[in-house]
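S.K.: Pasting run.pdb below, which is PDB, C-alpha atoms and all ligand atoms.
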MODEL        1
ATOM      1  CA  MET O   1      -0.453 -10.858 -11.185
ATOM      2  CA  GLU O   2      -0.144 -11.021 -14.970
ATOM      3  CA  ASN O   3      -2.496  -8.610 -16.759
ATOM      4  CA  ARG O   4      -4.867 -10.614 -18.981
ATOM      5  CA  PHE O   5      -6.585  -7.472 -20.234
ATOM      6  CA  SER O   6      -5.750  -5.781 -23.524
ATOM      7  CA  LYS O   7      -5.701  -2.347 -21.843
ATOM      8  CA  SER O   8      -5.268  -1.653 -18.119
ATOM      9  CA  ALA O   9      -7.210  -3.911 -15.727
ATOM     10  CA  PRO O  10     -10.818  -2.727 -15.248
ATOM     11  CA  LEU O  11     -11.878  -1.256 -11.920
ATOM     12  CA  VAL O  12     -15.100  -3.084 -11.135
ATOM     13  CA  GLY O  13     -17.482  -1.630  -8.590
ATOM     14  CA  VAL O  14     -19.565  -4.202  -6.743
ATOM     15  CA  LEU O  15     -22.589  -2.868  -4.870
ATOM     16  CA  ALA O  16     -21.766  -3.931  -1.329
ATOM     17  CA  ILE O  17     -24.592  -2.587   0.804
ATOM     18  CA  GLN O  18     -26.057  -6.050   1.410
ATOM     19  CA  GLY O  19     -26.291  -9.437  -0.281
ATOM     20  CA  ASP O  20     -23.772 -11.876  -1.760
ATOM     21  CA  TYR O  21     -21.250  -9.367  -3.076
ATOM     22  CA  SER O  22     -18.221 -11.191  -1.638
ATOM     23  CA  ALA O  23     -18.653 -14.155  -4.018
ATOM     24  CA  HIS O  24     -18.500 -11.751  -6.993
ATOM     25  CA  ILE O  25     -15.464  -9.999  -5.524
ATOM     26  CA  SER O  26     -13.396 -13.166  -5.169
ATOM     27  CA  ILE O  27     -14.169 -14.244  -8.737
ATOM     28  CA  LEU O  28     -13.269 -10.813 -10.119
ATOM     29  CA  ARG O  29      -9.996 -10.696  -8.180
ATOM     30  CA  GLY O  30      -9.193 -14.228  -9.334
ATOM     31  CA  LEU O  31      -9.635 -13.033 -12.919
ATOM     32  CA  GLY O  32      -7.209 -10.155 -12.320
ATOM     33  CA  ALA O  33      -9.683  -7.257 -12.139
ATOM     34  CA  LYS O  34      -9.377  -4.475  -9.598
ATOM     35  CA  VAL O  35     -12.425  -4.306  -7.357
ATOM     36  CA  ARG O  36     -14.084  -1.580  -5.346
ATOM     37  CA  GLU O  37     -16.900  -2.195  -2.867
ATOM     38  CA  VAL O  38     -19.568   0.382  -3.665
ATOM     39  CA  ARG O  39     -21.278   1.614  -0.517
ATOM     40  CA  LYS O  40     -21.747   5.293  -1.178
ATOM     41  CA  SER O  41     -22.153   7.696  -4.054
ATOM     42  CA  GLU O  42     -18.438   8.638  -4.432
ATOM     43  CA  ASP O  43     -17.475   4.983  -4.820
ATOM     44  CA  ILE O  44     -19.085   5.003  -8.273
ATOM     45  CA  ASP O  45     -17.067   7.914  -9.631
ATOM     46  CA  ASP O  46     -14.139   6.268 -11.418
ATOM     47  CA  ILE O  47     -15.206   2.637 -11.732
ATOM     48  CA  THR O  48     -15.267   1.182 -15.258
ATOM     49  CA  HIS O  49     -17.760  -1.656 -14.613
ATOM     50  CA  LEU O  50     -20.549  -2.248 -12.099
ATOM     51  CA  ILE O  51     -21.946  -5.470 -10.641
ATOM     52  CA  ILE O  52     -25.240  -5.546  -8.766
ATOM     53  CA  PRO O  53     -25.322  -8.804  -6.777
ATOM     54  CA  GLY O  54     -28.153 -10.849  -5.334
ATOM     55  CA  GLY O  55     -29.747  -9.683  -2.125
ATOM     56  CA  GLU O  56     -32.946  -7.973  -1.134
ATOM     57  CA  SER O  57     -34.020  -5.229  -3.520
ATOM     58  CA  THR O  58     -36.296  -3.545  -0.979
ATOM     59  CA  THR O  59     -33.321  -3.018   1.372
ATOM     60  CA  ILE O  60     -31.110  -1.557  -1.362
ATOM     61  CA  ARG O  61     -33.952   0.702  -2.443
ATOM     62  CA  LYS O  62     -34.232   2.158   1.060
ATOM     63  CA  VAL O  63     -30.523   2.588   1.741
ATOM     64  CA  ALA O  64     -29.646   3.982  -1.675
ATOM     65  CA  TYR O  65     -32.528   6.458  -1.596
ATOM     66  CA  GLU O  66     -31.497   7.714   1.823
ATOM     67  CA  ASP O  67     -27.927   8.192   0.707
ATOM     68  CA  GLY O  68     -29.063   9.877  -2.500
ATOM     69  CA  TYR O  69     -27.120   7.763  -4.940
ATOM     70  CA  TRP O  70     -29.968   5.749  -6.447
ATOM     71  CA  ASP O  71     -29.931   7.981  -9.569
ATOM     72  CA  LYS O  72     -26.175   7.712  -9.939
ATOM     73  CA  LEU O  73     -26.408   3.925  -9.942
ATOM     74  CA  ALA O  74     -29.330   4.052 -12.386
ATOM     75  CA  GLN O  75     -27.396   6.270 -14.795
ATOM     76  CA  PHE O  76     -24.100   4.383 -14.724
ATOM     77  CA  PRO O  77     -23.002   4.427 -18.382
ATOM     78  CA  GLY O  78     -20.477   1.564 -18.371
ATOM     79  CA  PRO O  79     -21.034  -2.200 -18.469
ATOM     80  CA  VAL O  80     -23.372  -3.471 -15.738
ATOM     81  CA  MET O  81     -24.114  -7.073 -14.758
ATOM     82  CA  GLY O  82     -26.978  -7.731 -12.368
ATOM     83  CA  THR O  83     -27.621 -11.124 -10.807
ATOM     84  CA  CYS O  84     -30.963 -12.000  -9.218
ATOM     85  CA  MET O  85     -31.721  -8.858  -7.186
ATOM     86  CA  GLY O  86     -29.475  -6.975  -9.615
ATOM     87  CA  SER O  87     -31.664  -8.048 -12.535
ATOM     88  CA  ILE O  88     -34.683  -6.675 -10.662
ATOM     89  CA  LEU O  89     -33.147  -3.246 -10.053
ATOM     90  CA  MET O  90     -31.936  -2.985 -13.682
ATOM     91  CA  ALA O  91     -35.415  -3.575 -15.151
ATOM     92  CA  THR O  92     -37.776  -0.921 -16.460
ATOM     93  CA  ASP O  93     -40.837  -2.394 -14.753
ATOM     94  CA  ILE O  94     -40.963  -4.461 -11.580
ATOM     95  CA  GLU O  95     -43.960  -6.512 -10.431
ATOM     96  CA  ASN O  96     -44.817  -7.930  -7.001
ATOM     97  CA  PRO O  97     -45.145  -5.238  -5.857
ATOM     98  CA  LYS O  98     -45.358  -2.882  -8.813
ATOM     99  CA  SER O  99     -42.477  -0.435  -8.892
ATOM    100  CA  ILE O 100     -40.027   1.225 -11.218
ATOM    101  CA  GLY O 101     -36.454   0.064 -11.720
ATOM    102  CA  TRP O 102     -33.423   1.774 -13.239
ATOM    103  CA  GLY O 103     -34.561   1.160 -16.804
ATOM    104  CA  MET O 104     -31.154  -0.130 -17.909
ATOM    105  CA  LEU O 105     -32.919  -2.924 -19.782
ATOM    106  CA  ASP O 106     -36.376  -2.695 -21.277
ATOM    107  CA  ILE O 107     -37.831  -5.679 -19.424
ATOM    108  CA  THR O 108     -40.598  -6.425 -16.955
ATOM    109  CA  ILE O 109     -39.556  -8.658 -14.078
ATOM    110  CA  LYS O 110     -41.635 -10.299 -11.366
ATOM    111  CA  ARG O 111     -40.033 -10.633  -7.914
ATOM    112  CA  ASN O 112     -40.165 -13.907  -5.948
ATOM    113  CA  ALA O 113     -41.835 -15.505  -8.938
ATOM    114  CA  TYR O 114     -41.199 -19.183  -8.184
ATOM    115  CA  GLY O 115     -43.705 -19.186  -5.338
ATOM    116  CA  ARG O 116     -43.442 -19.849  -1.637
ATOM    117  CA  GLN O 117     -42.930 -23.596  -1.996
ATOM    118  CA  VAL O 118     -39.859 -23.243  -4.167
ATOM    119  CA  HIS O 119     -37.646 -20.656  -2.526
ATOM    120  CA  SER O 120     -34.400 -21.955  -3.920
ATOM    121  CA  PHE O 121     -33.361 -24.583  -6.430
ATOM    122  CA  THR O 122     -30.592 -25.532  -8.825
ATOM    123  CA  ASP O 123     -31.132 -26.713 -12.378
ATOM    124  CA  TYR O 124     -29.291 -26.883 -15.684
ATOM    125  CA  GLY O 125     -30.219 -24.405 -18.381
ATOM    126  CA  LYS O 126     -28.930 -23.223 -21.728
ATOM    127  CA  ILE O 127     -26.742 -20.169 -22.294
ATOM    128  CA  ALA O 128     -25.757 -18.316 -25.449
ATOM    129  CA  LEU O 129     -22.074 -18.240 -24.416
ATOM    130  CA  SER O 130     -21.502 -22.005 -24.523
ATOM    131  CA  ASP O 131     -22.912 -25.282 -25.828
ATOM    132  CA  GLU O 132     -22.603 -26.945 -22.421
ATOM    133  CA  PRO O 133     -25.578 -27.050 -20.015
ATOM    134  CA  PHE O 134     -25.045 -24.325 -17.401
ATOM    135  CA  GLU O 135     -25.741 -24.748 -13.692
ATOM    136  CA  MET O 136     -28.274 -22.125 -12.602
ATOM    137  CA  ILE O 137     -28.821 -21.457  -8.915
ATOM    138  CA  PHE O 138     -32.084 -19.678  -8.129
ATOM    139  CA  ILE O 139     -32.694 -18.127  -4.698
ATOM    140  CA  ARG O 140     -36.097 -16.496  -4.259
ATOM    141  CA  ALA O 141     -35.604 -15.634  -7.881
ATOM    142  CA  PRO O 142     -37.562 -13.324 -10.137
ATOM    143  CA  LYS O 143     -38.935 -14.165 -13.605
ATOM    144  CA  ILE O 144     -38.569 -12.015 -16.688
ATOM    145  CA  THR O 145     -42.122 -11.614 -17.967
ATOM    146  CA  ARG O 146     -41.567  -9.234 -20.917
ATOM    147  CA  ILE O 147     -38.569  -8.228 -23.007
ATOM    148  CA  GLY O 148     -38.374  -5.140 -25.209
ATOM    149  CA  GLU O 149     -37.307  -5.100 -28.854
ATOM    150  CA  ASP O 150     -33.649  -4.255 -28.305
ATOM    151  CA  VAL O 151     -33.210  -6.867 -25.565
ATOM    152  CA  LYS O 152     -31.705 -10.254 -26.481
ATOM    153  CA  PRO O 153     -32.161 -13.435 -24.423
ATOM    154  CA  ILE O 154     -28.849 -15.105 -23.468
ATOM    155  CA  ALA O 155     -29.982 -17.714 -20.917
ATOM    156  CA  TRP O 156     -32.932 -20.075 -20.640
ATOM    157  CA  LEU O 157     -34.319 -22.641 -18.239
ATOM    158  CA  GLY O 158     -36.637 -24.740 -20.376
ATOM    159  CA  ASN O 159     -38.748 -22.232 -22.279
ATOM    160  CA  GLU O 160     -38.238 -19.495 -19.753
ATOM    161  CA  ILE O 161     -35.775 -16.653 -20.304
ATOM    162  CA  THR O 162     -33.393 -16.382 -17.331
ATOM    163  CA  GLY O 163     -30.849 -13.950 -18.741
ATOM    164  CA  VAL O 164     -30.869 -11.001 -21.155
ATOM    165  CA  ILE O 165     -28.463  -8.520 -22.707
ATOM    166  CA  SER O 166     -28.926  -5.083 -24.205
ATOM    167  CA  GLY O 167     -25.871  -3.053 -25.211
ATOM    168  CA  ASN O 168     -23.430  -3.221 -22.285
ATOM    169  CA  LYS O 169     -26.067  -4.318 -19.745
ATOM    170  CA  ILE O 170     -26.550  -7.976 -18.684
ATOM    171  CA  ALA O 171     -29.243  -9.220 -16.298
ATOM    172  CA  LEU O 172     -29.412 -12.802 -14.974
ATOM    173  CA  THR O 173     -32.165 -14.069 -12.677
ATOM    174  CA  PHE O 174     -29.858 -16.762 -11.238
ATOM    175  CA  HIS O 175     -26.523 -16.628  -9.365
ATOM    176  CA  PRO O 176     -23.545 -17.313 -11.671
ATOM    177  CA  GLU O 177     -21.200 -16.245  -8.844
ATOM    178  CA  LEU O 178     -22.229 -19.386  -6.921
ATOM    179  CA  SER O 179     -21.487 -21.782  -9.794
ATOM    180  CA  ALA O 180     -18.090 -23.248 -10.624
ATOM    181  CA  ASP O 181     -18.034 -21.808 -14.143
ATOM    182  CA  TYR O 182     -17.141 -18.092 -14.340
ATOM    183  CA  ILE O 183     -18.022 -17.689 -18.001
ATOM    184  CA  PHE O 184     -20.372 -14.739 -17.364
ATOM    185  CA  HIS O 185     -17.763 -12.830 -15.340
ATOM    186  CA  LYS O 186     -15.143 -13.474 -18.032
ATOM    187  CA  HIS O 187     -17.501 -12.283 -20.729
ATOM    188  CA  PHE O 188     -18.435  -9.212 -18.680
ATOM    189  CA  LEU O 189     -14.750  -8.292 -18.321
ATOM    190  CA  GLY O 190     -14.141  -8.858 -22.032
ATOM    191  CA  LEU O 191     -11.922 -11.870 -21.372
ATOM    192  CA  GLU O 192     -13.656 -14.222 -23.819
TER     193      GLU O 192
HETATM  194  N1  LIG O 201     -36.142 -11.961  -3.647
HETATM  195  C1  LIG O 201     -35.137 -10.945  -3.768
HETATM  196  C2  LIG O 201     -35.752  -9.607  -4.185
HETATM  197  O1  LIG O 201     -36.864  -9.583  -4.565
HETATM  198  C3  LIG O 201     -34.076 -11.347  -4.772
HETATM  199  C4  LIG O 201     -33.405 -12.618  -4.297
HETATM  200  C5  LIG O 201     -31.950 -12.729  -4.663
HETATM  201  O2  LIG O 201     -31.302 -11.784  -5.096
HETATM  202  N2  LIG O 201     -31.400 -13.875  -4.400
HETATM  203  O3  LIG O 201     -35.128  -8.601  -4.132
ENDMDL
END
Here is the file; what I need is its structure written in the form of structure tokens.
Ligand code: GLN
M.R.:
Amino acid sequence: MENRFSKSAPLVGVLAIQGDYSAHISILRGLGAKVREVRKSEDIDDITHLIIPGGESTTIRKVAYEDGYWDKLAQFPGPVMGTCMGSILMATDIENPKSIGWGMLDITIKRNAYGRQVHSFTDYGKIALSDEPFEMIFIRAPKITRIGEDVKPIAWLGNEITGVISGNKIALTFHPELSADYIFHKHFLGLE
């Protein structure tokens, strides 16, 4: 495949313990990135980028703690994109129940914040990367309830912030890997 990257193709680690990692993987491969499924500590060693997919944060918490690589994930210095569950783990403060995240982004995030009646829904929101309305798929999604000073909103549903960026870290409460438009993956890989 033709290399669309200015340097060598990035090696993107996708946390693949549980959740919808395969959707991310096919998009990344389609864009020409090399992909590694991250299941254990050593898998993180030489990756350039890291994606934390949607899934169940309580499961990841257990498995990663047992395997002892929670801290290594938390301290990953390169670009990280977290979607839904990923945005929860990347936060400084987590609510419902109260716990501590990786602190990659100075935000507070509330798990399962759309209530029991509304487990999953799709709606069109606004994103900083384009003028077009963007399809946002929410599945037992969290809500960002506080953002720190150095954190910039990049996605909104109505007045609510559904995506943020700080340095090389991006957190989205929805699932861009399930939409037809891969603009967030392209941006994450430096392709546009
Ligand atoms: N409800 C899940 C959690 O709290 C997140 C849901 C998702 O990633 N789709 O971890």
S.K.: Collect all residues with atoms no farther than 6 Å from ligand LIG 201 (chain O), counting all atoms listed in the file, and output them as number ranges by chain.
M.R.: O: 54-57, 84-85, 111-112, 139-141
S.K.: Take the residues from that selection and write them out as an mmCIF file, in the frame of the given file, keeping C-alpha atoms.
M.R.:
data_model
loop_
_atom_site.group_PDB
_atom_site.id
_atom_site.type_symbol
_atom_site.label_atom_id
_atom_site.label_comp_id
_atom_site.auth_asym_id
_atom_site.auth_seq_id
_atom_site.Cartn_x
_atom_site.Cartn_y
_atom_site.Cartn_z
ATOM 1 C CA GLY O 54 -28.153 -10.849 -5.334
ATOM 2 C CA GLY O 55 -29.747 -9.683 -2.125
ATOM 3 C CA GLU O 56 -32.946 -7.973 -1.134
ATOM 4 C CA SER O 57 -34.020 -5.229 -3.520
ATOM 5 C CA CYS O 84 -30.963 -12.000 -9.218
ATOM 6 C CA MET O 85 -31.721 -8.858 -7.186
ATOM 7 C CA ARG O 111 -40.033 -10.633 -7.914
ATOM 8 C CA ASN O 112 -40.165 -13.907 -5.948
ATOM 9 C CA ILE O 139 -32.694 -18.127 -4.698
ATOM 10 C CA ARG O 140 -36.097 -16.496 -4.259
ATOM 11 C CA ALA O 141 -35.604 -15.634 -7.881
#
S.K.: Name the residues within 9 Å of (-31.9, -22.6, -19.6), counting all atoms listed in the file in the file's coordinates, and put them as a PyMOL selection string.
M.R.: chain O and resi 123-127+133-136+154-163
S.K.: Okay, now the selection with C-alpha atoms, as a compact mmCIF listing (two decimals), in the frame of the given file?
M.R.:
# COMPACT_ATOMS: atom_id res chain seq x y z
CA ASP O 123 -31.13 -26.71 -12.38
CA TYR O 124 -29.29 -26.88 -15.68
CA GLY O 125 -30.22 -24.40 -18.38
CA LYS O 126 -28.93 -23.22 -21.73
CA ILE O 127 -26.74 -20.17 -22.29
CA PRO O 133 -25.58 -27.05 -20.02
CA PHE O 134 -25.04 -24.32 -17.40
CA GLU O 135 -25.74 -24.75 -13.69
CA MET O 136 -28.27 -22.12 -12.60
CA ILE O 154 -28.85 -15.10 -23.47
CA ALA O 155 -29.98 -17.71 -20.92
CA TRP O 156 -32.93 -20.08 -20.64
CA LEU O 157 -34.32 -22.64 -18.24
CA GLY O 158 -36.64 -24.74 -20.38
CA ASN O 159 -38.75 -22.23 -22.28
CA GLU O 160 -38.24 -19.50 -19.75
CA ILE O 161 -35.78 -16.65 -20.30
CA THR O 162 -33.39 -16.38 -17.33
CA GLY O 163 -30.85 -13.95 -18.74
S.K.: Would you mind listing what lies within 10 Å of Gly167 of chain O as a PDB file with C-alpha atoms, in the frame of the given file, with all atoms listed in the file counted and same-chain residues fewer than 5 positions away left out?
M.R.:
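To be explicit, this is the file written out as part-v1.pdb:
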ATOM      1  CA  GLY O  78     -20.477   1.564 -18.371  1.00  0.00           C
ATOM      2  CA  PRO O  79     -21.034  -2.200 -18.469  1.00  0.00           C
ATOM      3  CA  VAL O  80     -23.372  -3.471 -15.738  1.00  0.00           C
ATOM      4  CA  MET O 104     -31.154  -0.130 -17.909  1.00  0.00           C
ATOM      5  CA  LEU O 105     -32.919  -2.924 -19.782  1.00  0.00           C
ATOM      6  CA  ASP O 150     -33.649  -4.255 -28.305  1.00  0.00           C
ATOM      7  CA  VAL O 151     -33.210  -6.867 -25.565  1.00  0.00           C
ATOM      8  CA  LYS O 152     -31.705 -10.254 -26.481  1.00  0.00           C
TER       9      LYS O 152
END
S.K.: Neighbours of segment 65-70 of chain O within 10 Å (all atoms listed in the file; same-chain residues fewer than 2 positions away dropped), as a PyMOL selection string?
M.R.: chain O and resi 39-42+44+59-63+72-75+102
S.K.: Please list as a PyMOL selection string every residue within 9 Å of Ile88 of chain O, counting only C-alpha atoms and excluding residues in the same chain fewer than 2 positions away.
M.R.: chain O and resi 57+82-86+90-94+101-102+108-111+142+144+171+173
S.K.: Go through O:Ile170, O:Ile52, O:Ala113, O:Val35 one by one, measure the shortest atom-to-atom distance of each to Asn96 of chain O using all atoms listed in the file, and give the residue with the smallest value.
M.R.: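 That would be O:Ala113, the residue with the smallest distance to Asn96 of chain O.
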S.K.: Of the candidates O:Leu189, O:Asp106, O:Asp71, O:Leu50, which shows the shortest atom-to-atom distance to Glu149 of chain O, using all atoms listed in the file?
M.R.: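 For Glu149 of chain O, the nearest of the given residues is O:Asp106.
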S.K.: Using only C-alpha atoms, pick whichever of O:Met81, O:Val12, O:Ile47, O:Ile27 has the shortest atom-to-atom distance to Asp181 of chain O.
M.R.: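 Ranking O:Met81, O:Val12, O:Ile47, O:Ile27 by distance to Asp181 of chain O, first place goes to O:Ile27.
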S.K.: Just how far from atom CA of Thr122 of chain O is atom CA of Ala33 of chain O, in Å to one decimal?
M.R.: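 Atom-to-atom, atom CA of Ala33 of chain O and atom CA of Thr122 of chain O are spaced 28.0 Å apart.
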S.K.: Which residue is closest to Gly32 of chain O? Choose from O:Ser8, O:Thr48, O:Ile17, O:Arg146 and count all atoms listed in the file.
M.R.: O:Ser8
S.K.: Put the listed atoms of segment 161-175 of chain O in a box along x, y and z with 4 Å added on every side and give me the centre and edge lengths in Å to one decimal, as JSON.
M.R.:
{"center_x": -29.6, "center_y": -9.9, "center_z": -17.3, "size_x": 20.3, "size_y": 21.7, "size_z": 23.8}
S.K.: One decimal, Å: what's the distance from atom CA of Ala128 of chain O over to atom CA of Gly115 of chain O, could you say?
M.R.: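 Pair atom CA of Ala128 of chain O / atom CA of Gly115 of chain O returns 27.0 Å.
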S.K.: May I ask for the distance between atom CA of Leu178 of chain O and atom CA of Phe5 of chain O, given in Å to one decimal place?
M.R.: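 The value is 23.7 Å.
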S.K.: Written as a PDB file with C-alpha atoms, in the frame of the given file, which residues does the PyMOL selection byres (((chain O and resi 16) around 8) and not hetatm) give for the file shown?
M.R.:
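Produced file result.pdb, reproduced below:
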ATOM      1  CA  VAL O  14     -19.565  -4.202  -6.743  1.00  0.00           C
ATOM      2  CA  LEU O  15     -22.589  -2.868  -4.870  1.00  0.00           C
ATOM      3  CA  ILE O  17     -24.592  -2.587   0.804  1.00  0.00           C
ATOM      4  CA  GLN O  18     -26.057  -6.050   1.410  1.00  0.00           C
ATOM      5  CA  GLY O  19     -26.291  -9.437  -0.281  1.00  0.00           C
ATOM      6  CA  TYR O  21     -21.250  -9.367  -3.076  1.00  0.00           C
ATOM      7  CA  GLU O  37     -16.900  -2.195  -2.867  1.00  0.00           C
ATOM      8  CA  VAL O  38     -19.568   0.382  -3.665  1.00  0.00           C
ATOM      9  CA  ARG O  39     -21.278   1.614  -0.517  1.00  0.00           C
TER      10      ARG O  39
END
S.K.: So which one's closest to Glu132 of chain O, O:Pro153, O:Glu177, O:Ile183, O:Lys98? Using only C-alpha atoms, please.
M.R.: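 That would be O:Ile183, the residue with the smallest distance to Glu132 of chain O.
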S.K.: Taking all atoms listed in the file into account, which of O:Asp20, O:Phe174, O:Ile25, O:Ile147 comes nearest Tyr114 of chain O?
M.R.: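 Smallest separation from Tyr114 of chain O among the options: O:Phe174.
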S.K.: Determine the residue set returned by the PyMOL selection byres (((chain O and resi 31) around 12) and not hetatm) for the present structure, and present it as a PDB file with C-alpha atoms, in the frame of the given file.
M.R.:
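What landed in part_10.pdb:
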ATOM      1  CA  MET O   1      -0.453 -10.858 -11.185  1.00  0.00           C
ATOM      2  CA  GLU O   2      -0.144 -11.021 -14.970  1.00  0.00           C
ATOM      3  CA  ASN O   3      -2.496  -8.610 -16.759  1.00  0.00           C
ATOM      4  CA  ARG O   4      -4.867 -10.614 -18.981  1.00  0.00           C
ATOM      5  CA  PHE O   5      -6.585  -7.472 -20.234  1.00  0.00           C
ATOM      6  CA  ALA O   9      -7.210  -3.911 -15.727  1.00  0.00           C
ATOM      7  CA  PRO O  10     -10.818  -2.727 -15.248  1.00  0.00           C
ATOM      8  CA  VAL O  12     -15.100  -3.084 -11.135  1.00  0.00           C
ATOM      9  CA  HIS O  24     -18.500 -11.751  -6.993  1.00  0.00           C
ATOM     10  CA  ILE O  25     -15.464  -9.999  -5.524  1.00  0.00           C
ATOM     11  CA  SER O  26     -13.396 -13.166  -5.169  1.00  0.00           C
ATOM     12  CA  ILE O  27     -14.169 -14.244  -8.737  1.00  0.00           C
ATOM     13  CA  LEU O  28     -13.269 -10.813 -10.119  1.00  0.00           C
ATOM     14  CA  ARG O  29      -9.996 -10.696  -8.180  1.00  0.00           C
ATOM     15  CA  GLY O  30      -9.193 -14.228  -9.334  1.00  0.00           C
ATOM     16  CA  GLY O  32      -7.209 -10.155 -12.320  1.00  0.00           C
ATOM     17  CA  ALA O  33      -9.683  -7.257 -12.139  1.00  0.00           C
ATOM     18  CA  LYS O  34      -9.377  -4.475  -9.598  1.00  0.00           C
ATOM     19  CA  VAL O  35     -12.425  -4.306  -7.357  1.00  0.00           C
ATOM     20  CA  TYR O 182     -17.141 -18.092 -14.340  1.00  0.00           C
ATOM     21  CA  ILE O 183     -18.022 -17.689 -18.001  1.00  0.00           C
ATOM     22  CA  PHE O 184     -20.372 -14.739 -17.364  1.00  0.00           C
ATOM     23  CA  HIS O 185     -17.763 -12.830 -15.340  1.00  0.00           C
ATOM     24  CA  LYS O 186     -15.143 -13.474 -18.032  1.00  0.00           C
ATOM     25  CA  HIS O 187     -17.501 -12.283 -20.729  1.00  0.00           C
ATOM     26  CA  PHE O 188     -18.435  -9.212 -18.680  1.00  0.00           C
ATOM     27  CA  LEU O 189     -14.750  -8.292 -18.321  1.00  0.00           C
ATOM     28  CA  GLY O 190     -14.141  -8.858 -22.032  1.00  0.00           C
ATOM     29  CA  LEU O 191     -11.922 -11.870 -21.372  1.00  0.00           C
ATOM     30  CA  GLU O 192     -13.656 -14.222 -23.819  1.00  0.00           C
TER      31      GLU O 192
END
